[in-house]
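J.: Take a look at this one; I'll ask things after.
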Amino acid sequence: MIISPPLLPQLDPAALDPARTDPMMDAVDKFELPHGMYPIAFDRRWHCGLHLSPDSHGPVHAIADGEVVAYRVCQHAMDSGRGNAGFVLLRHTSETGVGRTLTFYSLYMHLLPLAEYHMFGRDGKQLPEFLRMPSGHAPKGAVTTAVSGSKNLKVRRKSILGFLGRHEDRPHLHFEIFMTQRDFETWFGHTQLGNIAPATLDRSEWWGHTCFTIPAGCDFHSLPPGTGNDNKLHGVEFEPGQEGRNPLPLHVETYFSNGTKYTNVWSEAADGTHTLLTPQPVPEAGYEYGLYDRATALYPACPSDGYELLRVGRIVSPTKTLPANARATWMKVAWASDRQGYIDINAQNITRLSDADFPFFMGWQTVSDANTPFDKDGLCDIEVLKKMLRDVSDHESLVSPQFTGLREKEETLRRYLLLTPGVREKLRRFVCLAPSEWDSSHNDTRYAQLLDEGEFYHGNRKGYDDFQKYLNEIQFWDVTGLPTGKKLWFFHPLGFIRHFRKCGWLSENELLGMLPTSALRNARAADGHKYWVSEKINITQATKNLIRNNLVSLNETMQKFGISPNPLRMAAFLANAMEETQWFTRLHEANPDAKYWPWDGRGFLQLTWPDNYIKYWEFLGRTIPATLKRELSTSARTASKEGKNITVQDSRHPALTAQMTQWRADVSDGRLDPGKSAGTYWAWTKAAVYADKFPALQRQFQNITKPDFRPVTYYSCLSYGQVAATVNFGSPQKDTSKIARVNGILARYQAYTSALMMLADGTLFPNSEGQGWDSPEGFERRENNDF
């Protein structure tokens, strides 16, 4: 699942906080306005979207690939120029795991009218063709007709849907994300959303941050049992803590960012309120980069299982090699406000969940007819809201003496929402069953109270009827094809996007879509001279079959080794995998002339030489005879020195022939190994150290001679070049000039550029003047018909 916010500001690499996992969402969060909050407006009614306003009337982007449900393109503004009624409504269908299809809708409202593009330096040429003309005819100042989309009318993620407009003279985008009841039940019925007593589910979908619930009265140790006087256990050093027992249940969140592990801990009181025991996330620097070494030391019987225990607190792979009595996972946790100690978080009495479960103790809760702060008139009751938020603080100071009656309630709510710390953050995790404000069938129910005494239209029936007429003009539900009069499940839009960006699961089309359309390659003429060509990369049935057969394994590999959901890591990993597999066409080098034959390249990051294969097998918990390891290693060194094939043949070793040759073949032909072997290699070489660096791209060009002489632009990147060197040479290069010797380095750069465009946001590609642009020069994006 690839998703991004509707506004994409450029990021300043120098200002990024390495402890923050999603700097793009951090930047967009700052655009949220207080006058359009989710899910409650200041008039105490539902407001199931939010208002976003950056500094300029910039472009509004599609948050994901989708089809157009309905849209309205206005030629002019309405309300004497005070408002814009243009909108686009999209339907998105995305994959989050095996057999897990998520369908949701996104709405972009108050888009700039065509007549005003020139005022802000826009020409509309970046828009899809259907958005360049008015969607209907209307007098100047009136609302243009909304029209239906179709399944054949599609947009891609980051496509520009229009430009920021205004409403009531306030420049902003009204933005919503919602699901129908059926779609909601189909996907969320398999999560633990709303479950106040969740349990650890074996082989459930998992992604994002890991969450643990530790019951009260558990024993915490100052050091893991068995630790020596040097504070080391199996060579791994542990920092001493304090022993004791936690007086209250604990909720723990762990996550990784730029190689550091972070931990947050809350205690839970009897009334359900939570107290944060860690004012700042507790860091363990370098923990993630060293996970392979740590797992190998602590879990020698099967480091692969141990790697999962250390990352997520349980073994999530379908097969478990590590014996049950060897799975203790000692994690340092704050068990009181000033105490930390070690506890085995793999213990049976500890609940282990992830963001995929939407755990209630992280604030996720559903708001529906059975559990709502809204009364029968559709107005929010602040006391009920405070109870839902478990807010027991004294808020009497929020009551303003200058208002009475309904106005006092509105002002009290407004002040509560704006001035109470943490309230807006808690509301981000409300998932609300509510009517759409764009469905006219709800108008009387939603606004009838405006005629009551003390309300805006009391004694002014004509004004109320004119207001209803205006509503019907701007509303558009009748053209969407969605059922009228039905409630929908709404999410805080930025909260939804931020949460699902932690998923990182890629569909077949998303993987194929990041293949570059062409690649630079060194060819050799008949006279022996080398020259450069730019070859077209076609997606054939063989390409589709390879991805289809390995899609699950590749996704699970990227999740296991922390490659996903980080877009920079995914781009670096997959860009190398594309070139290594000849653009997803083969998983076996099959080169008898290679000096490492028959231990030639296999997998998505092709393993070569027996030492690498054996290192991978031992990570899986397989035993390789020591004598065979020595002989293979000696033969490999001889072959490397003399430039010949490895002299130890399979036929000389019955054990090798019977079992290890099959293991070797599995790395290219097996159900799991092509991806897992690549992930393991990625982990032990610590390629993520360079992949995590913000890409500083440099514009380059290479002259080609066939089919015509012309320069081809590509973008080099030192940090990615070091990843490529790690993949191709086995380690980064102190002498960075040697990166130019990496096999297929120019094509790898092109693959990285293409992967960044598919996966990342806010990447700067310098043009000929050195200025940064959000798209590479000459970049061609694959269209849907390529798949």
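Naming works like this for the structure tokens: A, B, ... for the chains as they're shown, residue 1 at the start of each chain, ligands 1 onward in shown order.
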As an mmCIF file with N, CA and C atoms, in the first residue's frame, please: the residues near Arg352 of chain A (cut-off 8 Å, only C-alpha atoms, same-chain neighbours under 5 positions excluded).
T.:
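The file below, selection-v3.cif, is the result:
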data_model
loop_
_atom_site.group_PDB
_atom_site.id
_atom_site.type_symbol
_atom_site.label_atom_id
_atom_site.label_comp_id
_atom_site.auth_asym_id
_atom_site.auth_seq_id
_atom_site.Cartn_x
_atom_site.Cartn_y
_atom_site.Cartn_z
ATOM 1 N N ALA A 199 -6.022 -10.098 22.162
ATOM 2 C CA ALA A 199 -5.107 -11.211 22.418
ATOM 3 C C ALA A 199 -4.099 -11.307 21.289
ATOM 4 N N THR A 200 -2.948 -11.887 21.575
ATOM 5 C CA THR A 200 -1.951 -12.136 20.542
ATOM 6 C C THR A 200 -2.478 -13.225 19.607
ATOM 7 N N THR A 210 5.324 -1.944 17.191
ATOM 8 C CA THR A 210 4.937 -3.101 17.991
ATOM 9 C C THR A 210 4.428 -2.630 19.346
ATOM 10 N N CYS A 211 3.374 -3.263 19.831
ATOM 11 C CA CYS A 211 2.751 -2.870 21.092
ATOM 12 C C CYS A 211 2.650 -4.083 22.021
ATOM 13 N N PHE A 212 2.970 -3.873 23.284
ATOM 14 C CA PHE A 212 2.908 -4.930 24.289
ATOM 15 C C PHE A 212 2.042 -4.472 25.462
ATOM 16 N N THR A 213 1.270 -5.398 26.012
ATOM 17 C CA THR A 213 0.573 -5.148 27.269
ATOM 18 C C THR A 213 1.137 -6.096 28.313
ATOM 19 N N GLY A 313 9.059 -9.113 19.061
ATOM 20 C CA GLY A 313 8.677 -9.796 20.281
ATOM 21 C C GLY A 313 8.029 -11.151 20.095
ATOM 22 N N ARG A 314 7.967 -11.640 18.898
ATOM 23 C CA ARG A 314 7.401 -12.967 18.634
ATOM 24 C C ARG A 314 7.903 -13.446 17.281
#
J.: I'd like the neighbourhood of Ala328 of chain A as a list in words, where a residue qualifies if any of its atoms comes within 12 Å (using only C-alpha atoms), though same-chain residues fewer than 3 positions away should be ignored.
T.: Pro224, Pro225, Gly226, Ala295, Leu298, Tyr299, Asp305, Gly306, Glu308, Leu309, Leu310, Gly313, Arg314, Ile315, Leu322, Pro323, Ala324, Asn325, Met331, Tyr342, Ile343, Asp344, Ile345, Asn346, Ala347 and Gln348 of chain A
J.: Save the residues we just selected, C-alpha atoms, as an mmCIF file, in the first residue's frame?
T.:
data_model
loop_
_atom_site.group_PDB
_atom_site.id
_atom_site.type_symbol
_atom_site.label_atom_id
_atom_site.label_comp_id
_atom_site.auth_asym_id
_atom_site.auth_seq_id
_atom_site.Cartn_x
_atom_site.Cartn_y
_atom_site.Cartn_z
ATOM 1 C CA PRO A 224 18.747 -10.696 31.897
ATOM 2 C CA PRO A 225 19.232 -13.962 33.786
ATOM 3 C CA GLY A 226 22.582 -15.521 32.922
ATOM 4 C CA ALA A 295 20.311 -12.375 16.838
ATOM 5 C CA LEU A 298 21.717 -14.684 21.357
ATOM 6 C CA TYR A 299 19.893 -17.298 19.258
ATOM 7 C CA ASP A 305 13.682 -16.681 14.485
ATOM 8 C CA GLY A 306 15.701 -14.673 16.986
ATOM 9 C CA GLU A 308 11.957 -11.630 14.657
ATOM 10 C CA LEU A 309 11.862 -11.972 18.431
ATOM 11 C CA LEU A 310 14.189 -8.995 18.813
ATOM 12 C CA GLY A 313 8.677 -9.796 20.281
ATOM 13 C CA ARG A 314 7.401 -12.967 18.634
ATOM 14 C CA ILE A 315 8.143 -15.297 15.735
ATOM 15 C CA LEU A 322 13.896 -22.155 17.489
ATOM 16 C CA PRO A 323 12.953 -24.418 20.450
ATOM 17 C CA ALA A 324 10.310 -22.954 22.748
ATOM 18 C CA ASN A 325 12.705 -22.912 25.709
ATOM 19 C CA MET A 331 13.676 -6.146 26.704
ATOM 20 C CA TYR A 342 14.340 -6.382 31.921
ATOM 21 C CA ILE A 343 11.360 -8.587 31.163
ATOM 22 C CA ASP A 344 10.851 -11.460 28.724
ATOM 23 C CA ILE A 345 8.334 -9.948 26.334
ATOM 24 C CA ASN A 346 7.857 -13.332 24.654
ATOM 25 C CA ALA A 347 6.184 -14.641 27.832
ATOM 26 C CA GLN A 348 2.676 -16.046 27.403
#
J.: Please, what distance in Å, to one decimal, runs between atom CA of Ile539 of chain A and atom CA of Leu551 of chain A?
T.: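 One can read the atom CA of Ile539 of chain A to atom CA of Leu551 of chain A distance as 15.7 Å.
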J.: Please provide as a PyMOL selection string all residues within 10 Å of Lys615 of chain A, with the sequence filter that same-chain residues fewer than 3 positions apart are discarded (counting only C-alpha atoms).
T.: chain A and resi 610-612+618-620+622+624+677+680-681+684
J.: Which of segment 255-361 of chain A counts as strand (DSSP E or B) under DSSP, as a PyMOL selection string please?
T.: chain A and resi 255-257+260-268+274-276+282-284+330-336+339-344+351-354
J.: For C-alpha atoms, I'd like the residues from the last selection saved as a PDB file, in the first residue's frame.
T.:
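Okay, this is what ended up in out-v7.pdb:
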ATOM      1  CA  TYR A 255       9.647   1.289  16.882  1.00  0.00           C
ATOM      2  CA  PHE A 256      12.810   1.949  14.884  1.00  0.00           C
ATOM      3  CA  SER A 257      14.115   5.032  13.123  1.00  0.00           C
ATOM      4  CA  THR A 260      17.807   3.432  16.665  1.00  0.00           C
ATOM      5  CA  LYS A 261      15.192   1.573  18.673  1.00  0.00           C
ATOM      6  CA  TYR A 262      12.693   3.751  20.576  1.00  0.00           C
ATOM      7  CA  THR A 263      10.405   2.738  23.442  1.00  0.00           C
ATOM      8  CA  ASN A 264       7.372   4.461  24.981  1.00  0.00           C
ATOM      9  CA  VAL A 265       5.645   3.144  28.107  1.00  0.00           C
ATOM     10  CA  TRP A 266       2.293   4.036  29.706  1.00  0.00           C
ATOM     11  CA  SER A 267       0.849   2.762  32.977  1.00  0.00           C
ATOM     12  CA  GLU A 268      -2.901   2.174  33.206  1.00  0.00           C
ATOM     13  CA  HIS A 274      -3.015   6.275  31.041  1.00  0.00           C
ATOM     14  CA  THR A 275       0.106   7.951  32.405  1.00  0.00           C
ATOM     15  CA  LEU A 276       3.174   8.276  30.209  1.00  0.00           C
ATOM     16  CA  VAL A 282      13.786   5.975  25.217  1.00  0.00           C
ATOM     17  CA  PRO A 283      16.468   5.463  22.525  1.00  0.00           C
ATOM     18  CA  GLU A 284      18.841   2.543  22.032  1.00  0.00           C
ATOM     19  CA  TRP A 330      14.780  -9.712  27.250  1.00  0.00           C
ATOM     20  CA  MET A 331      13.676  -6.146  26.704  1.00  0.00           C
ATOM     21  CA  LYS A 332      14.410  -3.134  28.868  1.00  0.00           C
ATOM     22  CA  VAL A 333      11.158  -1.434  29.906  1.00  0.00           C
ATOM     23  CA  ALA A 334      10.254   1.392  32.285  1.00  0.00           C
ATOM     24  CA  TRP A 335       8.108  -0.339  34.924  1.00  0.00           C
ATOM     25  CA  ALA A 336       7.648   2.790  37.068  1.00  0.00           C
ATOM     26  CA  ARG A 339      12.621   2.510  37.223  1.00  0.00           C
ATOM     27  CA  GLN A 340      13.651   0.363  34.268  1.00  0.00           C
ATOM     28  CA  GLY A 341      14.241  -3.349  34.197  1.00  0.00           C
ATOM     29  CA  TYR A 342      14.340  -6.382  31.921  1.00  0.00           C
ATOM     30  CA  ILE A 343      11.360  -8.587  31.163  1.00  0.00           C
ATOM     31  CA  ASP A 344      10.851 -11.460  28.724  1.00  0.00           C
ATOM     32  CA  THR A 351      -0.029  -9.463  24.744  1.00  0.00           C
ATOM     33  CA  ARG A 352       1.894  -8.658  21.569  1.00  0.00           C
ATOM     34  CA  LEU A 353       0.195  -6.597  18.866  1.00  0.00           C
ATOM     35  CA  SER A 354       1.170  -4.226  16.087  1.00  0.00           C
TER      36      SER A 354
END
J.: Mind checking which residues fall within 7 Å of segment 716-720 of chain A, counting only C-alpha atoms, ignoring those fewer than 6 positions away in the same chain, and posting them as number ranges by chain?
T.: A: 572, 690-691, 693, 695-700, 749
J.: Could you dump the residues just selected with N, CA and C atoms as an mmCIF file, in the first residue's frame?
T.:
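Printed below is result.cif as written:
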data_model
loop_
_atom_site.group_PDB
_atom_site.id
_atom_site.type_symbol
_atom_site.label_atom_id
_atom_site.label_comp_id
_atom_site.auth_asym_id
_atom_site.auth_seq_id
_atom_site.Cartn_x
_atom_site.Cartn_y
_atom_site.Cartn_z
ATOM 1 N N ALA A 572 16.059 1.648 -2.276
ATOM 2 C CA ALA A 572 17.439 1.163 -2.419
ATOM 3 C C ALA A 572 17.476 -0.353 -2.593
ATOM 4 N N TYR A 690 23.418 3.214 4.897
ATOM 5 C CA TYR A 690 23.494 4.188 3.804
ATOM 6 C C TYR A 690 22.129 4.449 3.167
ATOM 7 N N ALA A 691 21.277 3.442 3.134
ATOM 8 C CA ALA A 691 19.945 3.636 2.544
ATOM 9 C C ALA A 691 19.136 4.665 3.319
ATOM 10 N N LYS A 693 20.095 7.466 4.543
ATOM 11 C CA LYS A 693 20.506 8.852 4.320
ATOM 12 C C LYS A 693 19.610 9.508 3.264
ATOM 13 N N PRO A 695 18.477 11.194 0.146
ATOM 14 C CA PRO A 695 19.210 11.134 -1.129
ATOM 15 C C PRO A 695 19.577 12.514 -1.674
ATOM 16 N N ALA A 696 20.889 12.767 -1.752
ATOM 17 C CA ALA A 696 21.397 13.979 -2.388
ATOM 18 C C ALA A 696 21.713 13.625 -3.837
ATOM 19 N N LEU A 697 20.778 13.911 -4.733
ATOM 20 C CA LEU A 697 20.875 13.468 -6.124
ATOM 21 C C LEU A 697 21.653 14.473 -6.962
ATOM 22 N N GLN A 698 22.456 13.955 -7.875
ATOM 23 C CA GLN A 698 23.248 14.790 -8.773
ATOM 24 C C GLN A 698 22.874 14.488 -10.222
ATOM 25 N N ARG A 699 22.566 15.528 -10.968
ATOM 26 C CA ARG A 699 22.188 15.353 -12.383
ATOM 27 C C ARG A 699 23.435 15.015 -13.195
ATOM 28 N N GLN A 700 23.350 13.915 -13.971
ATOM 29 C CA GLN A 700 24.439 13.451 -14.823
ATOM 30 C C GLN A 700 23.867 13.133 -16.204
ATOM 31 N N TYR A 749 21.318 3.370 -10.797
ATOM 32 C CA TYR A 749 20.892 4.741 -10.499
ATOM 33 C C TYR A 749 19.515 5.015 -11.115
#
J.: Hey, what does DSSP flag as helix (DSSP H, G or I) within segment 285-476 of chain A? Can you give it to me as a PyMOL selection string?
T.: chain A and resi 291-298+303-312+324-326+355-357+360-362+382-388+396-398+405-419+423-427+440-451+461-474
